[in-house]
Each structure stands twice: as C-alpha cells, then as structure tokens.
>>> print(open('data-v1.txt').read())   # compact mmCIF, C-alpha atoms
# COMPACT_ATOMS: atom_id res chain seq x y z
CA MET A 1 -33.97 -9.08 -24.69
CA ASN A 2 -34.77 -6.65 -21.87
CA ALA A 3 -33.03 -3.38 -21.06
CA ALA A 4 -30.90 -4.97 -18.35
CA THR A 5 -29.28 -7.34 -20.83
CA ALA A 6 -29.16 -5.06 -23.87
CA PRO A 7 -25.68 -4.98 -25.47
CA HIS A 8 -25.57 -1.18 -25.32
CA ARG A 9 -26.06 -0.89 -21.57
CA GLN A 10 -23.31 0.72 -19.49
CA THR A 11 -21.33 -1.41 -17.09
CA ALA A 12 -22.01 -0.97 -13.40
CA ARG A 13 -18.63 0.62 -12.75
CA ILE A 14 -19.19 3.24 -15.47
CA ARG A 15 -22.71 3.98 -14.22
CA ALA A 16 -21.15 4.67 -10.81
CA ILE A 17 -18.97 7.46 -12.21
CA ARG A 18 -20.10 11.08 -12.25
CA PRO A 19 -20.36 12.61 -15.75
CA PRO A 20 -17.11 14.38 -16.80
CA ILE A 21 -17.87 17.83 -15.47
CA VAL A 22 -15.65 19.79 -17.84
CA ALA A 23 -17.48 18.30 -20.82
CA VAL A 24 -20.82 19.16 -19.20
CA ILE A 25 -19.80 22.77 -18.62
CA GLU A 26 -18.18 23.15 -22.04
CA ARG A 27 -21.45 22.07 -23.71
CA LEU A 28 -23.32 24.68 -21.69
CA ILE A 29 -20.77 27.30 -22.76
CA ALA A 30 -21.13 26.27 -26.42
CA SER A 31 -24.87 26.83 -26.21
CA THR A 32 -24.46 30.25 -24.55
CA PRO A 33 -22.59 32.65 -26.86
CA GLU A 34 -20.13 35.17 -25.42
CA THR A 35 -19.68 33.29 -22.16
CA ILE A 36 -16.41 34.05 -20.36
CA SER A 37 -14.97 30.83 -19.00
CA LEU A 38 -13.43 30.63 -15.57
CA GLY A 39 -13.93 26.89 -15.90
CA GLN A 40 -11.40 24.58 -17.51
CA GLY A 41 -7.90 24.63 -16.06
CA MET A 42 -5.64 25.74 -18.92
CA VAL A 43 -3.02 28.41 -19.48
CA ARG A 44 -3.19 31.17 -22.08
CA PHE A 45 0.38 30.83 -23.26
CA SER A 46 1.54 28.53 -26.05
CA PRO A 47 4.55 26.19 -26.00
CA PRO A 48 8.03 27.73 -26.25
CA ALA A 49 9.60 28.18 -29.68
CA ALA A 50 12.14 25.51 -28.74
CA ALA A 51 9.32 22.93 -28.82
CA ALA A 52 8.36 23.77 -32.41
CA ASP A 53 12.03 23.90 -33.44
CA ALA A 54 12.67 20.44 -32.00
CA LEU A 55 9.64 19.02 -33.77
CA ALA A 56 10.65 20.58 -37.08
CA GLU A 57 14.10 19.08 -36.75
CA ALA A 58 12.63 15.67 -35.98
CA ALA A 59 10.20 15.78 -38.92
CA ALA A 60 12.85 14.49 -41.31
CA ASP A 61 13.71 11.56 -39.06
CA PRO A 62 11.91 8.37 -40.17
CA GLU A 63 11.83 7.24 -36.53
CA LEU A 64 9.14 9.88 -35.98
CA HIS A 65 6.68 7.70 -37.87
CA ARG A 66 7.48 4.38 -36.22
CA TYR A 67 6.64 2.74 -32.94
CA GLY A 68 8.97 3.78 -30.14
CA ALA A 69 9.90 2.40 -26.75
CA VAL A 70 6.96 1.80 -24.44
CA GLU A 71 8.46 4.05 -21.75
CA GLY A 72 9.30 6.94 -24.10
CA LEU A 73 12.04 8.21 -26.40
CA PRO A 74 15.61 8.32 -25.03
CA PRO A 75 16.17 12.07 -25.64
CA LEU A 76 13.08 12.98 -23.62
CA LEU A 77 13.79 10.43 -20.90
CA ASP A 78 17.32 11.79 -20.52
CA GLY A 79 15.99 15.32 -20.22
CA LEU A 80 13.38 14.27 -17.68
CA ARG A 81 15.92 12.50 -15.50
CA GLN A 82 17.99 15.68 -15.40
CA LYS A 83 14.92 17.82 -14.69
CA LEU A 84 13.72 15.54 -11.89
CA GLU A 85 17.08 15.62 -10.16
CA ARG A 86 17.48 19.37 -10.58
CA ASP A 87 13.92 20.57 -9.81
CA ASN A 88 12.48 17.80 -7.64
CA GLY A 89 15.44 16.19 -5.92
CA ILE A 90 14.48 12.81 -7.39
CA GLN A 91 17.26 10.44 -8.44
CA VAL A 92 15.56 8.19 -10.97
CA HIS A 93 17.93 5.22 -11.12
CA PRO A 94 18.27 2.58 -9.79
CA ALA A 95 15.34 2.59 -7.36
CA SER A 96 12.91 4.33 -9.73
CA ARG A 97 11.94 4.57 -13.37
CA VAL A 98 10.47 7.43 -15.38
CA ILE A 99 7.69 6.65 -17.87
CA VAL A 100 6.33 9.11 -20.45
CA THR A 101 2.54 9.03 -20.73
CA ALA A 102 -0.20 10.68 -22.79
CA GLY A 103 -0.85 13.27 -20.09
CA SER A 104 -0.71 12.83 -16.33
CA ASN A 105 -4.29 11.52 -16.25
CA MET A 106 -3.00 8.45 -18.07
CA ALA A 107 -0.18 8.21 -15.56
CA PHE A 108 -2.74 8.02 -12.76
CA VAL A 109 -4.68 5.28 -14.57
CA ASN A 110 -1.41 3.39 -15.04
CA ALA A 111 -0.81 3.64 -11.31
CA MET A 112 -4.29 2.41 -10.41
CA LEU A 113 -4.06 -0.65 -12.63
CA ALA A 114 -0.52 -1.42 -11.43
CA ILE A 115 -1.05 -1.23 -7.66
CA ALA A 116 -4.70 -2.03 -6.93
CA ASP A 117 -7.05 -4.97 -7.37
CA PRO A 118 -10.85 -4.66 -7.57
CA GLY A 119 -12.19 -3.90 -4.11
CA ASP A 120 -9.04 -2.16 -2.90
CA GLU A 121 -9.27 1.34 -1.45
CA ILE A 122 -7.61 4.59 -2.52
CA ILE A 123 -7.67 7.54 -0.11
CA LEU A 124 -8.56 10.86 -1.77
CA PRO A 125 -8.46 14.00 0.39
CA VAL A 126 -11.50 16.20 -0.29
CA PRO A 127 -11.65 18.22 -2.43
CA PHE A 128 -10.16 15.75 -4.89
CA TYR A 129 -9.38 16.00 -8.58
CA PHE A 130 -12.45 14.50 -10.25
CA ASN A 131 -10.53 12.42 -12.80
CA HIS A 132 -8.76 10.66 -9.94
CA GLU A 133 -12.08 9.51 -8.51
CA MET A 134 -13.20 8.40 -11.98
CA ALA A 135 -10.04 6.35 -12.51
CA VAL A 136 -10.33 4.68 -9.10
CA ILE A 137 -13.86 3.54 -9.86
CA MET A 138 -12.97 2.42 -13.39
CA ALA A 139 -10.29 0.20 -11.87
CA GLY A 140 -12.96 -1.45 -9.74
CA CYS A 141 -11.62 0.12 -6.57
CA ARG A 142 -13.27 2.21 -3.87
CA PRO A 143 -12.42 5.89 -3.44
CA VAL A 144 -12.25 6.81 0.24
CA ALA A 145 -12.97 10.51 0.64
CA VAL A 146 -11.22 12.10 3.62
CA ALA A 147 -12.08 15.62 4.76
CA THR A 148 -9.48 18.38 4.91
CA ASP A 149 -9.57 21.34 7.30
CA GLU A 150 -11.35 24.66 6.77
CA HIS A 151 -8.41 25.90 4.69
CA TYR A 152 -8.42 22.75 2.51
CA GLN A 153 -5.20 21.58 4.13
CA LEU A 154 -4.54 17.91 4.90
CA ASP A 155 -5.58 16.42 8.25
CA LEU A 156 -3.03 13.75 9.17
CA ASP A 157 -5.19 12.19 11.87
CA ARG A 158 -8.09 11.74 9.48
CA LEU A 159 -5.80 10.23 6.85
CA ARG A 160 -4.36 7.83 9.40
CA ASP A 161 -7.80 6.81 10.62
CA ALA A 162 -8.97 6.12 7.07
CA ILE A 163 -6.34 3.44 6.42
CA THR A 164 -7.64 -0.14 6.43
CA PRO A 165 -6.18 -3.48 5.31
CA GLN A 166 -7.66 -2.74 1.85
CA THR A 167 -5.90 0.62 1.45
CA ARG A 168 -3.39 0.71 -1.39
CA ALA A 169 -2.55 4.42 -1.65
CA ILE A 170 -3.01 7.94 -0.38
CA VAL A 171 -3.22 10.57 -3.11
CA THR A 172 -2.00 14.14 -2.66
CA VAL A 173 -2.28 16.95 -5.21
CA SER A 174 0.00 19.92 -4.50
CA PRO A 175 -0.30 22.65 -5.68
CA ASN A 176 -3.91 21.62 -5.45
CA ASN A 177 -6.61 21.25 -8.02
CA PRO A 178 -9.28 22.45 -7.23
CA ALA A 179 -8.48 24.43 -4.06
CA GLY A 180 -5.31 26.20 -5.18
CA VAL A 181 -3.60 25.50 -1.86
CA VAL A 182 -0.01 24.33 -1.51
CA TYR A 183 0.71 21.64 1.06
CA PRO A 184 3.66 22.49 3.32
CA GLU A 185 6.81 20.40 3.07
CA ALA A 186 6.38 19.22 6.66
CA THR A 187 2.90 17.89 5.91
CA LEU A 188 3.99 16.04 2.79
CA ARG A 189 6.89 14.52 4.71
CA GLU A 190 4.41 13.26 7.31
CA VAL A 191 2.11 11.78 4.65
CA ASN A 192 5.02 10.05 2.97
CA ALA A 193 6.23 8.63 6.28
CA LEU A 194 2.70 7.46 7.08
CA CYS A 195 2.51 5.64 3.75
CA HIS A 196 5.87 3.99 4.40
CA ASP A 197 4.90 2.90 7.88
CA GLU A 198 1.51 1.53 6.78
CA GLY A 199 2.83 -0.22 3.66
CA VAL A 200 0.81 1.79 1.15
CA PHE A 201 1.79 3.95 -1.81
CA HIS A 202 1.97 7.72 -1.79
CA ILE A 203 0.75 9.04 -5.15
CA SER A 204 1.94 12.63 -5.47
CA ASP A 205 0.32 14.60 -8.29
CA GLU A 206 2.52 17.60 -9.08
CA ALA A 207 1.07 18.89 -12.36
CA TYR A 208 1.19 22.49 -11.06
CA GLU A 209 4.67 22.32 -9.55
CA TYR A 210 5.81 25.70 -10.92
CA PHE A 211 2.58 27.55 -10.18
CA VAL A 212 3.27 28.93 -6.70
CA PHE A 213 2.73 32.48 -5.47
CA ASP A 214 3.55 34.70 -2.52
CA ASP A 215 5.83 32.79 -0.15
CA ALA A 216 4.64 29.29 -1.13
CA ARG A 217 7.18 26.65 -2.12
CA HIS A 218 6.60 23.41 -3.96
CA PHE A 219 7.97 20.20 -2.46
CA SER A 220 8.32 16.78 -4.09
CA PRO A 221 8.02 13.94 -1.55
CA GLY A 222 9.52 11.52 -4.08
CA GLY A 223 12.89 13.12 -3.41
CA LEU A 224 12.93 12.09 0.25
CA ASP A 225 15.43 9.51 1.41
CA GLY A 226 13.80 6.10 1.31
CA ALA A 227 10.74 7.33 -0.60
CA ALA A 228 11.47 5.68 -3.95
CA ALA A 229 10.05 2.27 -3.05
CA HIS A 230 6.57 3.53 -2.11
CA THR A 231 6.15 6.87 -3.94
CA ILE A 232 4.61 7.44 -7.36
CA SER A 233 5.10 10.99 -8.66
CA LEU A 234 3.00 12.41 -11.51
CA TYR A 235 3.88 15.37 -13.74
CA SER A 236 2.52 17.14 -16.80
CA PHE A 237 3.65 19.38 -19.65
CA SER A 238 0.10 20.69 -20.15
CA LYS A 239 0.30 23.59 -17.73
CA ALA A 240 3.96 24.53 -17.39
CA PHE A 241 4.66 24.54 -21.13
CA GLY A 242 1.21 25.24 -22.63
CA PHE A 243 1.05 21.67 -23.96
CA ALA A 244 -2.58 20.82 -23.10
CA GLY A 245 -3.42 19.54 -26.59
CA TRP A 246 -0.14 17.67 -27.07
CA ARG A 247 -0.91 15.19 -24.27
CA VAL A 248 2.47 14.70 -22.62
CA GLY A 249 2.88 13.67 -19.01
CA TYR A 250 5.23 11.43 -17.09
CA MET A 251 5.43 9.40 -13.94
CA VAL A 252 8.21 8.31 -11.62
CA ILE A 253 7.50 4.84 -10.28
CA PRO A 254 9.27 2.36 -8.01
CA SER A 255 11.36 0.00 -10.15
CA ALA A 256 9.32 -2.90 -8.77
CA LEU A 257 6.30 -1.58 -10.71
CA ALA A 258 8.10 -1.26 -14.04
CA GLY A 259 6.95 -4.59 -15.43
CA ALA A 260 3.32 -3.91 -14.52
CA VAL A 261 3.32 -0.41 -16.03
CA ASP A 262 4.97 -1.73 -19.20
CA LYS A 263 2.08 -4.16 -19.63
CA ILE A 264 -0.55 -1.49 -19.05
CA GLN A 265 1.03 1.15 -21.24
CA ASP A 266 1.78 -1.26 -24.08
CA THR A 267 -1.87 -2.31 -24.09
CA ILE A 268 -3.44 1.15 -23.89
CA LEU A 269 -0.95 3.28 -25.79
CA VAL A 270 1.77 1.04 -27.29
CA CYS A 271 4.12 4.02 -26.99
CA PRO A 272 3.77 7.75 -26.29
CA PRO A 273 3.24 9.85 -29.46
CA ALA A 274 6.65 10.56 -30.96
CA ALA A 275 5.85 14.03 -32.29
CA SER A 276 4.69 15.23 -28.89
CA GLN A 277 7.77 13.75 -27.24
CA TYR A 278 10.18 15.55 -29.56
CA ALA A 279 8.38 18.81 -28.88
CA ALA A 280 8.48 18.14 -25.13
CA ALA A 281 12.21 17.44 -25.28
CA GLY A 282 12.65 20.83 -26.93
CA ALA A 283 10.57 22.52 -24.23
CA LEU A 284 12.78 21.00 -21.54
CA THR A 285 15.77 22.89 -22.93
CA VAL A 286 14.02 26.07 -21.79
CA GLY A 287 12.89 24.52 -18.51
CA ALA A 288 10.98 26.00 -15.59
CA ALA A 289 12.06 29.53 -16.52
CA TYR A 290 9.54 29.48 -19.37
CA CYS A 291 6.59 28.95 -17.06
CA ARG A 292 7.87 31.30 -14.39
CA ALA A 293 8.14 34.11 -16.93
CA HIS A 294 4.36 33.93 -17.35
CA LEU A 295 3.52 33.96 -13.65
CA PRO A 296 3.43 37.78 -13.25
CA GLU A 297 0.46 37.95 -15.64
CA LEU A 298 -1.26 35.24 -13.62
CA VAL A 299 -0.60 37.18 -10.43
CA THR A 300 -2.40 40.21 -11.89
CA VAL A 301 -5.39 38.18 -13.07
CA ARG A 302 -5.52 36.33 -9.75
CA ALA A 303 -5.64 39.59 -7.83
CA THR A 304 -8.46 40.91 -10.01
CA LEU A 305 -10.57 37.85 -9.29
CA ARG A 306 -9.80 37.90 -5.56
CA ASP A 307 -10.54 41.62 -5.17
CA THR A 308 -13.83 41.43 -7.04
CA LEU A 309 -15.01 38.46 -4.97
CA ALA A 310 -14.19 40.43 -1.83
CA GLU A 311 -16.97 42.81 -2.86
CA VAL A 312 -19.52 40.01 -2.41
CA SER A 313 -18.03 38.58 0.77
CA ASP A 314 -21.51 38.49 2.30
CA LEU A 315 -22.40 35.84 -0.31
CA CYS A 316 -19.19 33.83 -0.44
CA ASP A 317 -15.76 33.47 1.06
CA VAL A 318 -12.57 32.36 -0.63
CA PRO A 319 -9.90 30.61 1.47
CA GLU A 320 -6.31 31.61 0.80
CA ALA A 321 -4.91 29.91 -2.28
CA ASN A 322 -1.27 30.42 -3.23
CA GLY A 323 -0.78 27.81 -5.91
CA ALA A 324 -2.03 26.30 -9.16
CA MET A 325 -4.54 28.58 -10.95
CA TYR A 326 -7.67 28.20 -8.87
CA TYR A 327 -9.81 29.63 -6.12
CA LEU A 328 -12.44 27.46 -4.46
CA ALA A 329 -15.22 29.75 -3.31
CA ARG A 330 -17.65 28.74 -0.56
CA ILE A 331 -21.17 29.99 -1.19
CA HIS A 332 -23.30 31.16 1.75
CA ALA A 333 -26.61 29.84 0.43
CA PRO A 334 -28.53 26.55 0.34
CA ILE A 335 -28.23 25.94 -3.41
CA GLY A 336 -26.72 23.07 -5.34
CA SER A 337 -23.37 23.92 -6.91
CA LEU A 338 -24.27 22.44 -10.33
CA ASP A 339 -27.55 24.36 -10.35
CA LEU A 340 -25.72 27.57 -9.46
CA ALA A 341 -23.01 26.99 -12.08
CA THR A 342 -25.66 26.30 -14.72
CA ARG A 343 -27.56 29.48 -13.91
CA LEU A 344 -24.37 31.57 -13.94
CA ILE A 345 -23.72 30.42 -17.51
CA ARG A 346 -27.25 30.71 -18.84
CA GLU A 347 -28.24 33.92 -17.06
CA HIS A 348 -24.94 35.78 -16.63
CA ARG A 349 -22.59 34.29 -19.25
CA VAL A 350 -19.78 33.32 -16.90
CA ALA A 351 -18.64 29.73 -16.43
CA VAL A 352 -17.20 28.06 -13.34
CA ILE A 353 -16.94 24.43 -12.20
CA PRO A 354 -19.30 23.19 -9.45
CA GLY A 355 -17.63 21.90 -6.32
CA SER A 356 -19.77 18.77 -6.32
CA ALA A 357 -17.45 17.41 -9.03
CA PHE A 358 -14.62 17.47 -6.49
CA GLY A 359 -16.43 15.54 -3.77
CA LEU A 360 -17.91 18.58 -2.03
CA ASP A 361 -21.49 17.34 -2.01
CA ASP A 362 -22.43 18.69 1.43
CA ARG A 363 -21.99 22.38 0.64
CA CYS A 364 -22.06 24.77 -2.31
CA THR A 365 -18.64 25.60 -3.70
CA LEU A 366 -17.39 26.84 -7.06
CA ARG A 367 -13.94 26.37 -8.60
CA LEU A 368 -12.73 29.49 -10.37
CA SER A 369 -9.89 29.07 -12.86
CA TYR A 370 -7.90 32.12 -13.91
CA GLY A 371 -5.20 30.52 -16.05
CA ALA A 372 -6.77 30.95 -19.49
CA VAL A 373 -8.03 34.54 -19.33
CA ASP A 374 -6.23 37.83 -19.88
CA ALA A 375 -6.59 40.86 -17.65
CA ASN A 376 -9.63 42.27 -19.48
CA GLU A 377 -11.43 38.92 -19.60
CA ALA A 378 -10.66 38.36 -15.93
CA ALA A 379 -12.09 41.74 -14.96
CA GLU A 380 -15.28 41.22 -16.98
CA GLY A 381 -15.64 37.58 -15.93
CA ALA A 382 -15.21 38.47 -12.26
CA ALA A 383 -17.74 41.30 -12.56
CA ARG A 384 -20.28 38.96 -14.18
CA LEU A 385 -19.68 36.41 -11.46
CA ALA A 386 -20.21 38.95 -8.69
CA ARG A 387 -23.36 40.32 -10.34
CA GLY A 388 -24.63 36.81 -10.95
CA LEU A 389 -24.12 35.72 -7.35
CA ARG A 390 -25.87 38.89 -6.15
CA ALA A 391 -28.81 38.34 -8.50
CA ILE A 392 -29.26 34.64 -7.83
CA LEU A 393 -28.57 34.49 -4.12
CA SER A 394 -29.97 37.76 -2.78
>>> encode(input="data-v1.txt", output="structure tokens")
Amino acid sequence: MNAATAPHRQTARIRAIRPPIVAVIERLIASTPETISLGQGMVRFSPPAAAADALAEAAADPELHRYGAVEGLPPLLDGLRQKLERDNGIQVHPASRVIVTAGSNMAFVNAMLAIADPGDEIILPVPFYFNHEMAVIMAGCRPVAVATDEHYQLDLDRLRDAITPQTRAIVTVSPNNPAGVVYPEATLREVNALCHDEGVFHISDEAYEYFVFDDARHFSPGGLDGAAAHTISLYSFSKAFGFAGWRVGYMVIPSALAGAVDKIQDTILVCPPAASQYAAAGALTVGAAYCRAHLPELVTVRATLRDTLAEVSDLCDVPEANGAMYYLARIHAPIGSLDLATRLIREHRVAVIPGSAFGLDDRCTLRLSYGAVDANEAAEGAARLARGLRAILS
C-alpha cells in the first residue's frame, strides 16, 4: 500500500482547507507563557444569573436527560420567536422556522448542506469569517471571494458580477468578523434584493448583533417584506450572553428548507444539548439589556487599543470599526501576516490573528480582538503590540 492509498490519508476536500487558525495561535500562546491574547473572539463576562437559575430548576426534570426535539426545546423556541420579532423584526411563522443549533457555526454547516450540492458556489465577501470558508469547502462547494472597498464595506457591483448559474448564496456578516465594520441598512437591503432577483439565498450572520458603537445600528435583512423565502439568518448566544462554552446558536430558515435541515441536524446532533438550552432560555428572560450593560467596558478597552495603534500609524493603519469586537489593522510592510503574528507571540508575548486566515492573502493584516481583556490587559497588550511592530518592522 502506498501513501496515496493509505487508510489514514486526508480526503482531498480536507486537504484543501486552511488549518484552523485559532487552534494554531492558541498552541503558540500555550508555548509562550505570559502572552496577552488579542486573538480569539470571546467576551470577558459570564452568563447572567438567570441562566444558572433556569438550569438549576431544570436539573430535577427527567426530560433534561432524554433526547429532545430535533429543532430545540419548546420553551427556548418560544423565547426565540419573541426575541426575533422584538429585536430583529422577523416573524417566524408561517414562512420561516427557527432551529436551535450547537453554536452558529453548526447553523452555517446546516445551511451549506441544505442548499448546495458539490460544485456549487458560495459568495464570501473578503475579509470573510474563516469557518465559513472551511464549511463551504467541506460541503464540496467552491468559495467565491469577492473584494470589499478600502473600508471593508460591501461592493454591490462586485457581488453582482460574481453571480453565476452555480451560485447558491451570498454571505454577509454584520457586525463583521474580522473587520469590525457594520453594514448600513441600505446596503443590506440591496444585497437581499439582489439575492431575491437572482434566485439565490442571502445568508446573514448576525452573531454580533448587539455589539455596535458610536452611531452604528444593526439591521436584520430577514425582517424585510418578502425576505423569508430566500433569507437564512444566523445567531449565537456565545457573545451576547457569555455562552461560548455552552454551544448554543440558532438559525431562521425558509420553511421550505425545514425538512432538509431536520435530516442534517438529526444526523449530526440528534438534538441540541438540553442543559444548554434551559440555560439559554433563562438568559433570554434578561435579553439584550444584559449584553448592552457590558458595552461601556468594551468601549474603554476599544479606545485604548485604537489610541495606542495611532502612535504607530507610520507602520499600520486601522480603518474605522464600529461593531463586533475587532479591529483589522493593515500593516505597511512586505511581511506575511502569519509570520508577523508568530513573531509577535514569540518575541513580544502578544497574540493576534493573521489576516491571511480571512482571505487577505495579498497584503499583511492583523485582526485584533478586544472582547476578552480588561482595561489593564488591553493597555499592556496594546503597548506590546506597538513595541513589537516597531521592533520587527523598523
């Protein structure tokens, strides 16, 4: 048996996928003690007390230990339908259905398997969320990277030109990971109308819906009149409620896709974890106010990072970012972003994510996450980053 036919070889579609960059960076951090991480996108705060209270109350219920409905538990589904109507303007029934998933990454995989066949194309504006690209390739489809403008905003003409007979969806992420920008309502309306007119799906990833700053406003295209039949909206508890480890997300899908998503979810998950769902239902009783109460701290940390980077503006520039928990810095030097990120960890003990993971292969960029650090960590991390850039690039 030769290497090409060995049973342990990777499949071609997996070989085509970039390594999971967060895991790569986290291993570098683990081998470099006292590194301050501006890498992984998490929040510092824990879930609300209402989540733990709801879980404690459910612990005595024998249903907690049994299989549940493939789409999620009724109490959580009821709460989500109310939240979607109140916060997003989305009327779930009868044109749509809400499905609870093990995080919004799973929701995206569900969508890929439900709408696309091998060889189909999915349009991903660059910079894209790296797990989206990974899921597209795993589904045997082709990611079509489409450039944004110099402010990382969508270019409607480029999106329109990228559509072919094989296109199945355009993906938008707003507030954006990794750029931190928020797409204007008018732009998202245009994208949704384009998808309708071209007969493709609009997948709207809204994991950071409550993380908006300054005068930015979040908009959910799934709430538009006539959008239900071609819009798939993705949401997450990980950021807004500090639920990263609990793995709770949800998706709003056209009713026509319900049978397909049932098949996929039943095969991969059987049903969402009951304990996490009870906790999520409790968190919903507090609602968006819980996340918004933590935003002032993020504003302070964000300003610290921005102001420190301004001191090395000869080495990098940072486009305006008024959403999510990220800045995407452009480096003014001919160096690979992974190489630079690796050296910043090993030589200066500060971690960031290289922009190459987000499809930015033609330039050096770094994603800076400020959601998981306090004010002191942010100040020290930003100082190390500035010193590191000066030392490496000068």
>>> residues_near_point(input="data-v1.txt", point="(-16.2, 18.1, -14.5)", cutoff="9 Å", atoms="all atoms listed in the file", output="ChimeraX atom specification")
/A:18-25,40,130-131,353-354,356-358
>>> atom_distance(input="data-v1.txt", atom1="atom CA of His202 of chain A", atom2="atom CA of Lys83 of chain A")
20.9 Å
>>> atom_distance(input="data-v1.txt", atom1="atom CA of Ala244 of chain A", atom2="atom CA of Ser37 of chain A")
16.4 Å
>>> closest_atom_pairs(input="data-v1.txt", of="segment 210-247 of chain A", to="segment 167-185 of chain A", cutoff="12 Å", atoms="only C-alpha atoms", output="CSV")
residue,atom,partner,partner_atom,distance
A:Tyr210,CA,A:Pro175,CA,8.6
A:Phe211,CA,A:Pro175,CA,7.2
A:Val212,CA,A:Pro175,CA,7.3
A:Phe213,CA,A:Val182,CA,9.5
A:Asp214,CA,A:Val182,CA,11.0
A:Asp215,CA,A:Val182,CA,10.4
A:Ala216,CA,A:Val182,CA,6.8
A:Arg217,CA,A:Val182,CA,7.6
A:His218,CA,A:Val182,CA,7.1
A:Phe219,CA,A:Glu185,CA,5.7
A:Ser220,CA,A:Glu185,CA,8.2
A:Pro221,CA,A:Glu185,CA,8.0
A:Gly222,CA,A:Glu185,CA,11.7
A:Gly223,CA,A:Glu185,CA,11.5
A:Leu224,CA,A:Glu185,CA,10.7
A:His230,CA,A:Ala169,CA,9.2
A:Thr231,CA,A:Ala169,CA,9.3
A:Ile232,CA,A:Val171,CA,9.4
A:Ser233,CA,A:Thr172,CA,9.8
A:Leu234,CA,A:Val173,CA,9.4
A:Tyr235,CA,A:Val173,CA,10.6
>>> write_last_selection(input="data-v1.txt", atoms="C-alpha atoms", output="CSV table (one decimal), in the coordinates of the input")
chain,number,residue,atom,x,y,z
A,210,TYR,CA,5.8,25.7,-10.9
A,211,PHE,CA,2.6,27.6,-10.2
A,212,VAL,CA,3.3,28.9,-6.7
A,213,PHE,CA,2.7,32.5,-5.5
A,214,ASP,CA,3.6,34.7,-2.5
A,215,ASP,CA,5.8,32.8,-0.2
A,216,ALA,CA,4.6,29.3,-1.1
A,217,ARG,CA,7.2,26.6,-2.1
A,218,HIS,CA,6.6,23.4,-4.0
A,219,PHE,CA,8.0,20.2,-2.5
A,220,SER,CA,8.3,16.8,-4.1
A,221,PRO,CA,8.0,13.9,-1.6
A,222,GLY,CA,9.5,11.5,-4.1
A,223,GLY,CA,12.9,13.1,-3.4
A,224,LEU,CA,12.9,12.1,0.2
A,230,HIS,CA,6.6,3.5,-2.1
A,231,THR,CA,6.2,6.9,-3.9
A,232,ILE,CA,4.6,7.4,-7.4
A,233,SER,CA,5.1,11.0,-8.7
A,234,LEU,CA,3.0,12.4,-11.5
A,235,TYR,CA,3.9,15.4,-13.7
>>> atom_distance(input="data-v1.txt", atom1="atom CA of Ala60 of chain A", atom2="atom CA of Gln277 of chain A")
15.0 Å
>>> residues_around(input="data-v1.txt", residues="segment 68-81 of chain A", least_positions_apart="5", cutoff="8 Å", atoms="only C-alpha atoms", output="VMD selection string")
chain A and resid 63 91 to 92 98 to 101 262 265 to 266 270 to 272 274 277 to 278 280 to 281 284
>>> residues_around(input="data-v1.txt", residues="Pro47 of chain A", least_positions_apart="3", cutoff="12 Å", atoms="only C-alpha atoms", output="VMD selection string")
chain A and resid 43 to 44 50 to 55 237 to 246 276 279 to 284 286 to 287 290 to 291 294
>>> write_last_selection(input="data-v1.txt", atoms="C-alpha atoms", output="compact mmCIF listing (two decimals), in the frame of the given file")
# COMPACT_ATOMS: atom_id res chain seq x y z
CA VAL A 43 -3.02 28.41 -19.48
CA ARG A 44 -3.19 31.17 -22.08
CA ALA A 50 12.14 25.51 -28.74
CA ALA A 51 9.32 22.93 -28.82
CA ALA A 52 8.36 23.77 -32.41
CA ASP A 53 12.03 23.90 -33.44
CA ALA A 54 12.67 20.44 -32.00
CA LEU A 55 9.64 19.02 -33.77
CA PHE A 237 3.65 19.38 -19.65
CA SER A 238 0.10 20.69 -20.15
CA LYS A 239 0.30 23.59 -17.73
CA ALA A 240 3.96 24.53 -17.39
CA PHE A 241 4.66 24.54 -21.13
CA GLY A 242 1.21 25.24 -22.63
CA PHE A 243 1.05 21.67 -23.96
CA ALA A 244 -2.58 20.82 -23.10
CA GLY A 245 -3.42 19.54 -26.59
CA TRP A 246 -0.14 17.67 -27.07
CA SER A 276 4.69 15.23 -28.89
CA ALA A 279 8.38 18.81 -28.88
CA ALA A 280 8.48 18.14 -25.13
CA ALA A 281 12.21 17.44 -25.28
CA GLY A 282 12.65 20.83 -26.93
CA ALA A 283 10.57 22.52 -24.23
CA LEU A 284 12.78 21.00 -21.54
CA VAL A 286 14.02 26.07 -21.79
CA GLY A 287 12.89 24.52 -18.51
CA TYR A 290 9.54 29.48 -19.37
CA CYS A 291 6.59 28.95 -17.06
CA HIS A 294 4.36 33.93 -17.35
>>> closest_residue(input="data-v1.txt", among="A:Ile123, A:Leu305, A:Ala351, A:Ala383", to="Arg158 of chain A", atoms="only C-alpha atoms")
A:Ile123
>>> axis_aligned_box(input="data-v1.txt", around="segment 365-374 of chain A", padding_each_side="8 Å", output="AutoDock Vina command-line options")
--center_x -11.9 --center_y 31.7 --center_z -11.8 --size_x 29.4 --size_y 28.2 --size_z 32.2
>>> residues_around(input="data-v1.txt", residues="Gly371 of chain A", least_positions_apart="4", cutoff="10 Å", atoms="all atoms listed in the file", output="PyMOL selection string")
chain A and resi 38-45+239+295+297-299+301-302+324-326+378
>>> closest_atom_pairs(input="data-v1.txt", of="segment 6-52 of chain A", to="segment 336-349 of chain A", cutoff="7 Å", atoms="all atoms listed in the file", output="Markdown table")
| residue | atom | partner | partner_atom | distance |
| --- | --- | --- | --- | --- |
| A:Ile29 | CA | A:Ile345 | CA | 6.8 |
| A:Thr32 | CA | A:Arg346 | CA | 6.4 |
| A:Glu34 | CA | A:Arg349 | CA | 6.7 |
| A:Thr35 | CA | A:Arg349 | CA | 4.2 |
| A:Ile36 | CA | A:Arg349 | CA | 6.3 |
>>> residues_around(input="data-v1.txt", residues="Asn110 of chain A", least_positions_apart="6", cutoff="10 Å", atoms="all atoms listed in the file", output="ChimeraX atom specification")
/A:101,104,135,139,251,260-265,268
>>> residues_near_point(input="data-v1.txt", point="(-4.9, 22.0, 5.6)", cutoff="10 Å", atoms="all atoms listed in the file", output="MDAnalysis selection string")
chainID A and resid 147:156 181:184 187
>>> closest_residue(input="data-v1.txt", among="A:Ala229, A:Val200, A:Leu315, A:Leu366", to="Leu393 of chain A", atoms="only C-alpha atoms")
A:Leu315
>>> residues_around(input="data-v1.txt", residues="His65 of chain A", least_positions_apart="4", cutoff="9 Å", atoms="all atoms listed in the file", output="list of chain:residue names")
A:Ala59, A:Asp61, A:Ala274, A:Ala275
